[in-house]
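Peer 1: So here's query_24.pdb (PDB, C-alpha atoms, pLDDT in the B column).
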```
ATOM      1  CA  MET A   1       8.828 -12.896 -18.977  1.00 73.00           C
ATOM      2  CA  THR A   2       5.789 -12.965 -16.693  1.00 87.00           C
ATOM      3  CA  THR A   3       4.720 -15.732 -14.318  1.00 89.00           C
ATOM      4  CA  PRO A   4       1.115 -16.472 -13.305  1.00 91.00           C
ATOM      5  CA  VAL A   5       0.356 -16.245  -9.577  1.00 89.00           C
ATOM      6  CA  SER A   6      -1.595 -18.902  -7.708  1.00 83.00           C
ATOM      7  CA  PRO A   7      -3.837 -17.682  -4.885  1.00 85.00           C
ATOM      8  CA  ALA A   8      -2.763 -18.689  -1.381  1.00 86.00           C
ATOM      9  CA  LYS A   9      -4.889 -21.450   0.085  1.00 86.00           C
ATOM     10  CA  LEU A  10      -5.879 -19.878   3.361  1.00 86.00           C
ATOM     11  CA  ASP A  11      -8.943 -18.490   5.013  1.00 87.00           C
ATOM     12  CA  ARG A  12      -9.332 -14.850   4.004  1.00 88.00           C
ATOM     13  CA  GLU A  13     -11.349 -13.918   7.090  1.00 90.00           C
ATOM     14  CA  THR A  14      -8.715 -15.381   9.436  1.00 90.00           C
ATOM     15  CA  LEU A  15      -5.995 -13.532   7.543  1.00 89.00           C
ATOM     16  CA  ARG A  16      -7.960 -10.287   7.862  1.00 90.00           C
ATOM     17  CA  GLU A  17      -8.296 -10.814  11.634  1.00 89.00           C
ATOM     18  CA  GLU A  18      -4.537 -11.299  11.953  1.00 87.00           C
ATOM     19  CA  ILE A  19      -3.810  -8.240   9.806  1.00 85.00           C
ATOM     20  CA  GLU A  20      -6.140  -6.159  11.943  1.00 86.00           C
ATOM     21  CA  LYS A  21      -4.357  -7.234  15.137  1.00 83.00           C
ATOM     22  CA  LYS A  22      -0.921  -6.577  13.690  1.00 79.00           C
ATOM     23  CA  TYR A  23      -1.592  -3.194  12.107  1.00 76.00           C
ATOM     24  CA  CYS A  24      -3.725  -1.945  14.976  1.00 77.00           C
ATOM     25  CA  GLU A  25      -0.466  -2.307  16.930  1.00 74.00           C
ATOM     26  CA  VAL A  26       1.299  -0.186  14.312  1.00 72.00           C
ATOM     27  CA  ALA A  27      -1.334   2.524  14.778  1.00 69.00           C
ATOM     28  CA  LEU A  28      -1.081   2.499  18.548  1.00 72.00           C
ATOM     29  CA  ASN A  29       2.563   1.477  19.193  1.00 74.00           C
ATOM     30  CA  PRO A  30       4.489   2.014  15.952  1.00 69.00           C
ATOM     31  CA  GLU A  31       7.928   0.914  17.180  1.00 66.00           C
ATOM     32  CA  GLU A  32       6.652  -2.425  18.504  1.00 66.00           C
ATOM     33  CA  GLY A  33       4.753  -3.977  15.692  1.00 58.00           C
ATOM     34  CA  VAL A  34       6.469  -4.943  12.449  1.00 67.00           C
ATOM     35  CA  HIS A  35       9.599  -6.482  10.951  1.00 70.00           C
ATOM     36  CA  PHE A  36      10.545  -3.495   8.802  1.00 77.00           C
ATOM     37  CA  HIS A  37      11.542   0.098   9.470  1.00 83.00           C
ATOM     38  CA  VAL A  38       8.741   2.530  10.294  1.00 84.00           C
ATOM     39  CA  GLY A  39       8.210   6.233  10.783  1.00 91.00           C
ATOM     40  CA  ARG A  40      10.631   9.001   9.912  1.00 94.00           C
ATOM     41  CA  PRO A  41      13.661   6.715   9.322  1.00 92.00           C
ATOM     42  CA  LEU A  42      11.617   4.693   6.819  1.00 94.00           C
ATOM     43  CA  ALA A  43      10.415   7.843   5.048  1.00 96.00           C
ATOM     44  CA  ALA A  44      14.034   8.963   4.658  1.00 95.00           C
ATOM     45  CA  MET A  45      15.037   5.549   3.257  1.00 94.00           C
ATOM     46  CA  LEU A  46      12.230   5.780   0.689  1.00 96.00           C
ATOM     47  CA  GLY A  47      13.183   9.256  -0.495  1.00 95.00           C
ATOM     48  CA  TYR A  48      10.251  11.284   0.807  1.00 97.00           C
ATOM     49  CA  ASP A  49      10.876  15.026   0.832  1.00 96.00           C
ATOM     50  CA  THR A  50      11.699  16.119   4.388  1.00 97.00           C
ATOM     51  CA  THR A  51       9.603  19.259   3.943  1.00 97.00           C
ATOM     52  CA  ASP A  52       6.587  17.062   3.208  1.00 97.00           C
ATOM     53  CA  VAL A  53       7.318  14.794   6.158  1.00 97.00           C
ATOM     54  CA  ASP A  54       7.675  17.776   8.498  1.00 97.00           C
ATOM     55  CA  TRP A  55       4.297  19.098   7.285  1.00 98.00           C
ATOM     56  CA  LEU A  56       2.510  15.922   8.407  1.00 98.00           C
ATOM     57  CA  PRO A  57       1.221  15.417  11.978  1.00 96.00           C
ATOM     58  CA  GLU A  58       3.794  13.650  14.146  1.00 94.00           C
ATOM     59  CA  GLY A  59       1.369  10.800  14.918  1.00 91.00           C
ATOM     60  CA  THR A  60       0.971  10.132  11.195  1.00 94.00           C
ATOM     61  CA  VAL A  61       4.718  10.085  10.656  1.00 94.00           C
ATOM     62  CA  LYS A  62       5.418   7.779  13.612  1.00 91.00           C
ATOM     63  CA  SER A  63       2.953   5.168  12.324  1.00 89.00           C
ATOM     64  CA  PHE A  64       4.152   5.268   8.706  1.00 92.00           C
ATOM     65  CA  ALA A  65       4.672   1.711   7.507  1.00 89.00           C
ATOM     66  CA  GLY A  66       5.196   1.467   3.755  1.00 93.00           C
ATOM     67  CA  MET A  67       7.252  -0.350   1.168  1.00 95.00           C
ATOM     68  CA  GLY A  68       7.921   2.540  -1.203  1.00 97.00           C
ATOM     69  CA  ASN A  69       6.938   6.038  -2.245  1.00 98.00           C
ATOM     70  CA  PRO A  70       3.880   5.850  -4.551  1.00 98.00           C
ATOM     71  CA  LEU A  71       3.710   9.604  -5.090  1.00 98.00           C
ATOM     72  CA  GLY A  72       7.354   9.531  -6.151  1.00 97.00           C
ATOM     73  CA  MET A  73       6.100   7.958  -9.402  1.00 97.00           C
ATOM     74  CA  GLY A  74       4.150  11.115 -10.232  1.00 97.00           C
ATOM     75  CA  ALA A  75       2.214  13.864  -8.477  1.00 97.00           C
ATOM     76  CA  PRO A  76      -1.597  13.829  -8.532  1.00 97.00           C
ATOM     77  CA  LYS A  77      -3.239  16.360 -10.803  1.00 97.00           C
ATOM     78  CA  PRO A  78      -5.038  19.323  -9.201  1.00 97.00           C
ATOM     79  CA  GLY A  79      -8.756  18.712  -8.893  1.00 96.00           C
ATOM     80  CA  SER A  80      -8.470  14.965  -9.488  1.00 98.00           C
ATOM     81  CA  THR A  81     -10.005  12.100  -7.529  1.00 98.00           C
ATOM     82  CA  ILE A  82      -7.416  10.155  -5.575  1.00 98.00           C
ATOM     83  CA  VAL A  83      -7.998   6.896  -3.715  1.00 98.00           C
ATOM     84  CA  ASP A  84      -5.645   5.241  -1.224  1.00 98.00           C
ATOM     85  CA  VAL A  85      -6.255   1.516  -0.739  1.00 98.00           C
ATOM     86  CA  GLY A  86      -5.097   0.606   2.768  1.00 97.00           C
ATOM     87  CA  CYS A  87      -4.324   4.168   3.792  1.00 96.00           C
ATOM     88  CA  GLY A  88      -2.860   3.130   7.145  1.00 93.00           C
ATOM     89  CA  ALA A  89      -1.997   6.143   9.270  1.00 91.00           C
ATOM     90  CA  SER A  90      -2.639   8.347   6.174  1.00 95.00           C
ATOM     91  CA  PHE A  91       0.964   9.315   5.369  1.00 97.00           C
ATOM     92  CA  ASP A  92       0.562   9.090   1.582  1.00 98.00           C
ATOM     93  CA  ILE A  93      -3.025  10.232   1.243  1.00 97.00           C
ATOM     94  CA  LEU A  94      -2.461  13.432   3.230  1.00 98.00           C
ATOM     95  CA  LEU A  95       0.517  14.225   1.011  1.00 98.00           C
ATOM     96  CA  ALA A  96      -1.664  13.484  -2.031  1.00 98.00           C
ATOM     97  CA  ALA A  97      -4.325  15.858  -0.714  1.00 98.00           C
ATOM     98  CA  LYS A  98      -1.680  18.542  -0.274  1.00 97.00           C
ATOM     99  CA  ALA A  99      -0.320  18.032  -3.787  1.00 96.00           C
ATOM    100  CA  ALA A 100      -3.719  17.916  -5.521  1.00 97.00           C
ATOM    101  CA  GLY A 101      -5.140  20.904  -3.679  1.00 97.00           C
ATOM    102  CA  PRO A 102      -8.502  21.712  -2.136  1.00 96.00           C
ATOM    103  CA  ASP A 103     -10.510  21.100  -5.310  1.00 97.00           C
ATOM    104  CA  SER A 104      -9.498  17.426  -5.355  1.00 98.00           C
ATOM    105  CA  THR A 105     -11.527  14.552  -3.951  1.00 98.00           C
ATOM    106  CA  VAL A 106      -9.466  12.355  -1.681  1.00 98.00           C
ATOM    107  CA  ILE A 107     -10.762   8.999  -0.434  1.00 98.00           C
ATOM    108  CA  ALA A 108      -8.822   7.030   2.181  1.00 98.00           C
ATOM    109  CA  ILE A 109      -9.846   3.391   2.636  1.00 98.00           C
ATOM    110  CA  ASP A 110      -8.679   0.996   5.324  1.00 96.00           C
ATOM    111  CA  MET A 111      -9.932  -2.167   7.012  1.00 95.00           C
ATOM    112  CA  ILE A 112      -8.634  -1.121  10.455  1.00 93.00           C
ATOM    113  CA  PRO A 113     -10.803   1.297  12.468  1.00 92.00           C
ATOM    114  CA  GLU A 114      -7.791   2.696  14.373  1.00 90.00           C
ATOM    115  CA  MET A 115      -6.150   3.669  11.068  1.00 91.00           C
ATOM    116  CA  ILE A 116      -9.318   5.318   9.791  1.00 95.00           C
ATOM    117  CA  GLU A 117      -9.531   7.291  13.020  1.00 93.00           C
ATOM    118  CA  LYS A 118      -5.884   8.299  12.704  1.00 93.00           C
ATOM    119  CA  THR A 119      -6.467   9.453   9.130  1.00 96.00           C
ATOM    120  CA  ALA A 120      -9.483  11.553  10.109  1.00 96.00           C
ATOM    121  CA  GLN A 121      -7.505  13.103  12.965  1.00 95.00           C
ATOM    122  CA  GLY A 122      -4.564  13.859  10.681  1.00 96.00           C
ATOM    123  CA  ALA A 123      -6.756  15.524   8.075  1.00 97.00           C
ATOM    124  CA  ALA A 124      -8.497  17.597  10.754  1.00 97.00           C
ATOM    125  CA  GLU A 125      -5.190  18.632  12.266  1.00 97.00           C
ATOM    126  CA  LEU A 126      -4.017  19.889   8.869  1.00 97.00           C
ATOM    127  CA  GLY A 127      -7.326  21.612   8.125  1.00 97.00           C
ATOM    128  CA  LEU A 128      -7.965  19.433   5.071  1.00 97.00           C
ATOM    129  CA  THR A 129     -11.666  19.340   4.296  1.00 95.00           C
ATOM    130  CA  ASN A 130     -11.515  17.181   1.160  1.00 96.00           C
ATOM    131  CA  VAL A 131     -10.294  13.941   2.782  1.00 97.00           C
ATOM    132  CA  GLU A 132     -13.003  11.321   3.162  1.00 98.00           C
ATOM    133  CA  THR A 133     -12.440   8.075   5.081  1.00 98.00           C
ATOM    134  CA  ARG A 134     -14.164   4.772   4.367  1.00 98.00           C
ATOM    135  CA  HIS A 135     -13.940   1.334   5.934  1.00 97.00           C
ATOM    136  CA  GLY A 136     -13.311  -1.386   3.384  1.00 97.00           C
ATOM    137  CA  TYR A 137     -11.150  -4.160   1.995  1.00 97.00           C
ATOM    138  CA  ALA A 138      -8.841  -4.132  -1.001  1.00 97.00           C
ATOM    139  CA  GLU A 139     -10.807  -6.932  -2.669  1.00 96.00           C
ATOM    140  CA  GLU A 140     -14.196  -5.240  -2.065  1.00 97.00           C
ATOM    141  CA  LEU A 141     -13.622  -1.514  -2.370  1.00 98.00           C
ATOM    142  CA  PRO A 142     -16.479   0.722  -1.184  1.00 98.00           C
ATOM    143  CA  LEU A 143     -16.437   2.714  -4.410  1.00 98.00           C
ATOM    144  CA  ASP A 144     -18.441   3.017  -7.612  1.00 98.00           C
ATOM    145  CA  ASP A 145     -16.961   1.893 -10.915  1.00 98.00           C
ATOM    146  CA  ASN A 146     -14.637   4.392 -12.642  1.00 98.00           C
ATOM    147  CA  THR A 147     -14.078   6.599  -9.576  1.00 98.00           C
ATOM    148  CA  ALA A 148     -10.343   7.251  -9.366  1.00 98.00           C
ATOM    149  CA  ASP A 149      -8.043   9.308 -11.578  1.00 98.00           C
ATOM    150  CA  LEU A 150      -5.193   8.066  -9.419  1.00 98.00           C
ATOM    151  CA  LEU A 151      -5.175   5.104  -7.043  1.00 98.00           C
ATOM    152  CA  ILE A 152      -2.287   4.661  -4.644  1.00 98.00           C
ATOM    153  CA  SER A 153      -1.440   1.847  -2.238  1.00 98.00           C
ATOM    154  CA  ASN A 154       1.582   1.177  -0.063  1.00 97.00           C
ATOM    155  CA  GLY A 155       2.411  -2.252   1.345  1.00 94.00           C
ATOM    156  CA  VAL A 156      -1.112  -3.634   1.193  1.00 96.00           C
ATOM    157  CA  ILE A 157      -1.565  -5.925  -1.808  1.00 96.00           C
ATOM    158  CA  ASN A 158       0.907  -8.482  -0.449  1.00 94.00           C
ATOM    159  CA  LEU A 159      -1.539  -8.942   2.424  1.00 93.00           C
ATOM    160  CA  THR A 160      -4.306 -10.171   0.129  1.00 95.00           C
ATOM    161  CA  PRO A 161      -4.397 -13.888  -0.706  1.00 92.00           C
ATOM    162  CA  ASP A 162      -5.384 -13.525  -4.364  1.00 94.00           C
ATOM    163  CA  LYS A 163      -3.486 -10.674  -6.018  1.00 96.00           C
ATOM    164  CA  LEU A 164      -5.349 -10.941  -9.314  1.00 97.00           C
ATOM    165  CA  VAL A 165      -8.715 -10.560  -7.578  1.00 97.00           C
ATOM    166  CA  THR A 166      -7.340  -7.475  -5.822  1.00 97.00           C
ATOM    167  CA  LEU A 167      -5.900  -5.875  -8.971  1.00 98.00           C
ATOM    168  CA  ARG A 168      -9.121  -6.542 -10.894  1.00 98.00           C
ATOM    169  CA  GLU A 169     -11.076  -4.832  -8.130  1.00 98.00           C
ATOM    170  CA  ILE A 170      -8.668  -1.907  -8.335  1.00 98.00           C
ATOM    171  CA  ALA A 171      -9.159  -1.819 -12.121  1.00 98.00           C
ATOM    172  CA  ARG A 172     -12.931  -1.638 -11.568  1.00 98.00           C
ATOM    173  CA  VAL A 173     -12.696   1.594  -9.572  1.00 98.00           C
ATOM    174  CA  VAL A 174     -10.035   3.334 -11.684  1.00 98.00           C
ATOM    175  CA  LYS A 175     -11.253   5.425 -14.618  1.00 98.00           C
ATOM    176  CA  PRO A 176     -10.176   4.212 -18.069  1.00 98.00           C
ATOM    177  CA  GLY A 177      -6.825   5.847 -18.672  1.00 98.00           C
ATOM    178  CA  GLY A 178      -6.438   6.450 -14.931  1.00 98.00           C
ATOM    179  CA  ARG A 179      -3.267   5.542 -13.086  1.00 98.00           C
ATOM    180  CA  ILE A 180      -2.164   3.307 -10.245  1.00 98.00           C
ATOM    181  CA  GLN A 181       0.985   3.985  -8.233  1.00 98.00           C
ATOM    182  CA  ILE A 182       1.626   1.061  -5.932  1.00 98.00           C
ATOM    183  CA  ALA A 183       4.413   0.152  -3.538  1.00 98.00           C
ATOM    184  CA  ASP A 184       4.703  -3.387  -2.239  1.00 97.00           C
ATOM    185  CA  ILE A 185       7.027  -6.295  -1.453  1.00 95.00           C
ATOM    186  CA  VAL A 186       9.066  -8.203  -4.006  1.00 96.00           C
ATOM    187  CA  VAL A 187      11.116 -11.322  -3.282  1.00 95.00           C
ATOM    188  CA  GLY A 188      14.230 -12.423  -5.129  1.00 95.00           C
ATOM    189  CA  ARG A 189      13.688 -16.094  -4.305  1.00 93.00           C
ATOM    190  CA  PRO A 190      10.338 -17.912  -4.568  1.00 91.00           C
ATOM    191  CA  VAL A 191       8.277 -18.380  -1.418  1.00 88.00           C
ATOM    192  CA  PRO A 192       7.235 -22.076  -1.255  1.00 88.00           C
ATOM    193  CA  GLN A 193       3.506 -22.703  -1.670  1.00 86.00           C
ATOM    194  CA  ASP A 194       3.255 -24.303   1.802  1.00 86.00           C
ATOM    195  CA  ALA A 195       4.677 -21.087   3.291  1.00 86.00           C
ATOM    196  CA  LYS A 196       2.198 -19.001   1.277  1.00 85.00           C
ATOM    197  CA  ASP A 197      -0.592 -21.107   2.735  1.00 86.00           C
ATOM    198  CA  ASP A 198       0.547 -20.573   6.357  1.00 86.00           C
ATOM    199  CA  ILE A 199      -0.901 -17.398   7.875  1.00 84.00           C
ATOM    200  CA  GLU A 200       1.788 -17.360  10.579  1.00 80.00           C
ATOM    201  CA  LEU A 201       4.401 -16.673   7.913  1.00 82.00           C
ATOM    202  CA  TRP A 202       2.623 -13.679   6.368  1.00 82.00           C
ATOM    203  CA  PHE A 203       3.994 -11.304   9.003  1.00 75.00           C
ATOM    204  CA  GLY A 204       7.570 -12.502   9.552  1.00 62.00           C
TER     205      GLY A 204
ATOM    206  CA  MET B   1       6.121 -11.718   3.911  1.00 79.00           C
ATOM    207  CA  ALA B   2       4.658 -14.969   2.604  1.00 85.00           C
ATOM    208  CA  GLY B   3       2.321 -12.846   0.490  1.00 91.00           C
ATOM    209  CA  ALA B   4       5.171 -11.237  -1.469  1.00 92.00           C
ATOM    210  CA  LEU B   5       5.661 -11.901  -5.188  1.00 94.00           C
ATOM    211  CA  LEU B   6       8.608 -12.388  -7.510  1.00 95.00           C
ATOM    212  CA  ASP B   7       9.351  -9.723 -10.148  1.00 95.00           C
ATOM    213  CA  ALA B   8       7.853 -11.861 -12.919  1.00 95.00           C
ATOM    214  CA  GLU B   9       4.703 -12.441 -10.855  1.00 95.00           C
ATOM    215  CA  TRP B  10       4.326  -8.710 -10.206  1.00 95.00           C
ATOM    216  CA  GLU B  11       4.571  -8.121 -13.947  1.00 94.00           C
ATOM    217  CA  TRP B  12       1.839 -10.681 -14.643  1.00 96.00           C
ATOM    218  CA  VAL B  13      -0.814  -9.394 -12.204  1.00 97.00           C
ATOM    219  CA  PRO B  14      -1.296  -5.795 -13.474  1.00 97.00           C
ATOM    220  CA  ASP B  15      -1.198  -7.007 -17.064  1.00 97.00           C
ATOM    221  CA  GLN B  16      -3.956  -9.548 -16.408  1.00 97.00           C
ATOM    222  CA  ALA B  17      -6.037  -6.904 -14.630  1.00 98.00           C
ATOM    223  CA  GLY B  18      -5.944  -4.583 -17.661  1.00 98.00           C
ATOM    224  CA  PHE B  19      -3.081  -2.218 -16.846  1.00 98.00           C
ATOM    225  CA  VAL B  20      -0.483  -1.097 -19.383  1.00 98.00           C
ATOM    226  CA  ASP B  21       2.629   1.108 -19.501  1.00 97.00           C
ATOM    227  CA  VAL B  22       4.011  -0.339 -16.270  1.00 97.00           C
ATOM    228  CA  VAL B  23       7.024   1.569 -14.945  1.00 97.00           C
ATOM    229  CA  TRP B  24       9.138   0.146 -12.111  1.00 96.00           C
ATOM    230  CA  GLY B  25      11.001   2.167  -9.491  1.00 96.00           C
ATOM    231  CA  GLU B  26      14.103   1.169  -7.590  1.00 94.00           C
ATOM    232  CA  LYS B  27      13.996  -1.604  -5.007  1.00 96.00           C
ATOM    233  CA  VAL B  28      14.711  -0.568  -1.419  1.00 95.00           C
ATOM    234  CA  ASP B  29      15.701  -2.828   1.463  1.00 92.00           C
ATOM    235  CA  VAL B  30      13.297  -1.687   4.185  1.00 89.00           C
ATOM    236  CA  PHE B  31      13.853  -4.775   6.330  1.00 85.00           C
ATOM    237  CA  SER B  32      17.567  -4.983   7.209  1.00 82.00           C
ATOM    238  CA  GLY B  33      18.468  -3.444  10.538  1.00 76.00           C
ATOM    239  CA  SER B  34      14.877  -2.922  11.665  1.00 72.00           C
ATOM    240  CA  GLY B  35      15.609  -4.710  14.938  1.00 64.00           C
ATOM    241  CA  HIS B  36      12.895  -7.328  14.449  1.00 62.00           C
ATOM    242  CA  GLU B  37      13.405 -10.963  13.480  1.00 58.00           C
ATOM    243  CA  SER B  38      12.356 -11.713   9.943  1.00 68.00           C
ATOM    244  CA  ASP B  39      12.644 -14.155   7.054  1.00 76.00           C
ATOM    245  CA  ALA B  40      13.105 -11.197   4.703  1.00 80.00           C
ATOM    246  CA  ALA B  41      16.822 -11.732   4.049  1.00 82.00           C
ATOM    247  CA  GLU B  42      16.316 -15.431   3.299  1.00 85.00           C
ATOM    248  CA  PHE B  43      14.062 -14.497   0.386  1.00 88.00           C
ATOM    249  CA  ASP B  44      15.960 -11.353  -0.672  1.00 91.00           C
ATOM    250  CA  THR B  45      12.897  -9.259   0.153  1.00 91.00           C
ATOM    251  CA  LYS B  46      12.691  -5.611  -0.866  1.00 94.00           C
ATOM    252  CA  GLY B  47      10.161  -2.842  -1.213  1.00 95.00           C
ATOM    253  CA  VAL B  48       9.380  -1.687  -4.741  1.00 97.00           C
ATOM    254  CA  THR B  49       7.079   0.852  -6.385  1.00 97.00           C
ATOM    255  CA  PHE B  50       5.440   0.729  -9.803  1.00 98.00           C
ATOM    256  CA  SER B  51       3.012   2.812 -11.796  1.00 98.00           C
ATOM    257  CA  ALA B  52       0.656   1.778 -14.590  1.00 98.00           C
ATOM    258  CA  ARG B  53      -2.272   3.088 -16.634  1.00 98.00           C
ATOM    259  CA  LEU B  54      -5.643   1.370 -17.014  1.00 98.00           C
ATOM    260  CA  ARG B  55      -6.233   0.397 -20.626  1.00 97.00           C
ATOM    261  CA  GLU B  56      -8.891   2.609 -22.315  1.00 94.00           C
TER     262      GLU B  56
END
```
Represent the structure contained in this file as structure tokens.

Peer 2:
Amino acid sequence: MTTPVSPAKLDRETLREEIEKKYCEVALNPEEGVHFHVGRPLAAMLGYDTTDVDWLPEGTVKSFAGMGNPLGMGAPKPGSTIVDVGCGASFDILLAAKAAGPDSTVIAIDMIPEMIEKTAQGAAELGLTNVETRHGYAEELPLDDNTADLLISNGVINLTPDKLVTLREIARVVKPGGRIQIADIVVGRPVPQDAKDDIELWFG
Amino acid sequence: MAGALLDAEWEWVPDQAGFVDVVWGEKVDVFSGSGHESDAAEFDTKGVTFSARLRE
């Protein structure tokens, strides 16, 4: 049985400002910022291959903050176009670039300049020339229609107030027949609407 | 975590957006023992991964 989702009644711009503050902290001081595990211990909990983790730059690993392992649902095809919505410190998108090879097109999108910078640094450190970074929001992706063969996202959609708007935007940029592999937060008990409408409670 | 969804809500959103063949992975508790205060346990909050295909 499915249940329709009501959008949260809060100001999207204010929420974005708070997200930027919080996740900028994760980029700069990973151990300080969030209420879940981060970095290498989190990657181990989520079943990432240690060989892959060791291949990544240490700064990328330290700032890893995800809710699952999107690439664990299936490897990207060589030569495909892969998009990461909310790439963060680039943990998943660099692994996707490795898996898909140099003939792939890899686009990393984030709303936080510090994360975009970290992604560009990580790609440069690994000598990856097919990783492109773009500033943008999950609800307004800086992409043409039908761009992605595979779209990944890790711990981002819960931070958007209207999930249906976000998923429809994702559907716009995925090619027909293309795939999404998304990790995010699920609750076992309903969050009251007044809590959903309180920005303070989105990060605790 | 106020932006998190229930299982049934997560099933509704991709379907409404045009995705099919949704496959769910295992849930993982990425909150317990992180050393930061959180409401995660109160709402039985977990991380989860899913895949889906856009309808052609």

Peer 1: Near chain A, which residues of chain B fall within 7 Å when you count all atoms listed in the file, and what do they look like as JSON, numbers by chain?

Peer 2: {"B": [1, 2, 3, 4, 5, 6, 7, 8, 9, 11, 12, 13, 14, 17, 18, 30, 31, 34, 36, 37, 38, 39, 43, 44, 45, 46, 47, 48, 49, 50, 51, 52, 53, 54, 55, 56]}

Peer 1: For a quick check of understanding, using only C-alpha atoms, which of A:Leu95, A:Leu128, A:Val85, A:Ala123 has the smallest distance to Ile109 (chain A)?

Peer 2: A:Val85

Peer 1: In Å to one decimal, how far is CA of Gly88 (chain A) from CA of Val22 (chain B)?

Peer 2: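 These atoms are spaced 24.6 Å apart.
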
Peer 1: Between CA of Asp84 (chain A) and CA of Pro142 (chain A), what is the spacing in Å?

Peer 2: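 Those two atoms sit 11.7 Å apart.
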
Peer 1: Just to confirm, what's the straight-line distance from CA of Glu17 (chain A) to CA of Glu42 (chain B) in Å (one decimal)?

Peer 2: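 Distance reported for this atom pair: 26.4 Å.
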
Peer 1: Once 8 Å is added on each side, what are the centre and the three edge lengths, in Å to one decimal, of the axis-aligned box enclosing the listed atoms of region 130-144 of chain A? Present them as JSON.

Peer 2:
```
{"center_x": -13.6, "center_y": 5.1, "center_z": -0.8, "size_x": 25.6, "size_y": 40.1, "size_z": 29.5}
```

Peer 1: Run the PyMOL selection byres ((chain A and resi 132) around 7) against the file shown and list the residues it catches, as a list in words.

Peer 2: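 Expected selection for the PyMOL selection byres ((chain A and resi 132) around 7) here is Val106, Ile107, Ala108, Asn130, Val131, Thr133 and Arg134 of chain A.
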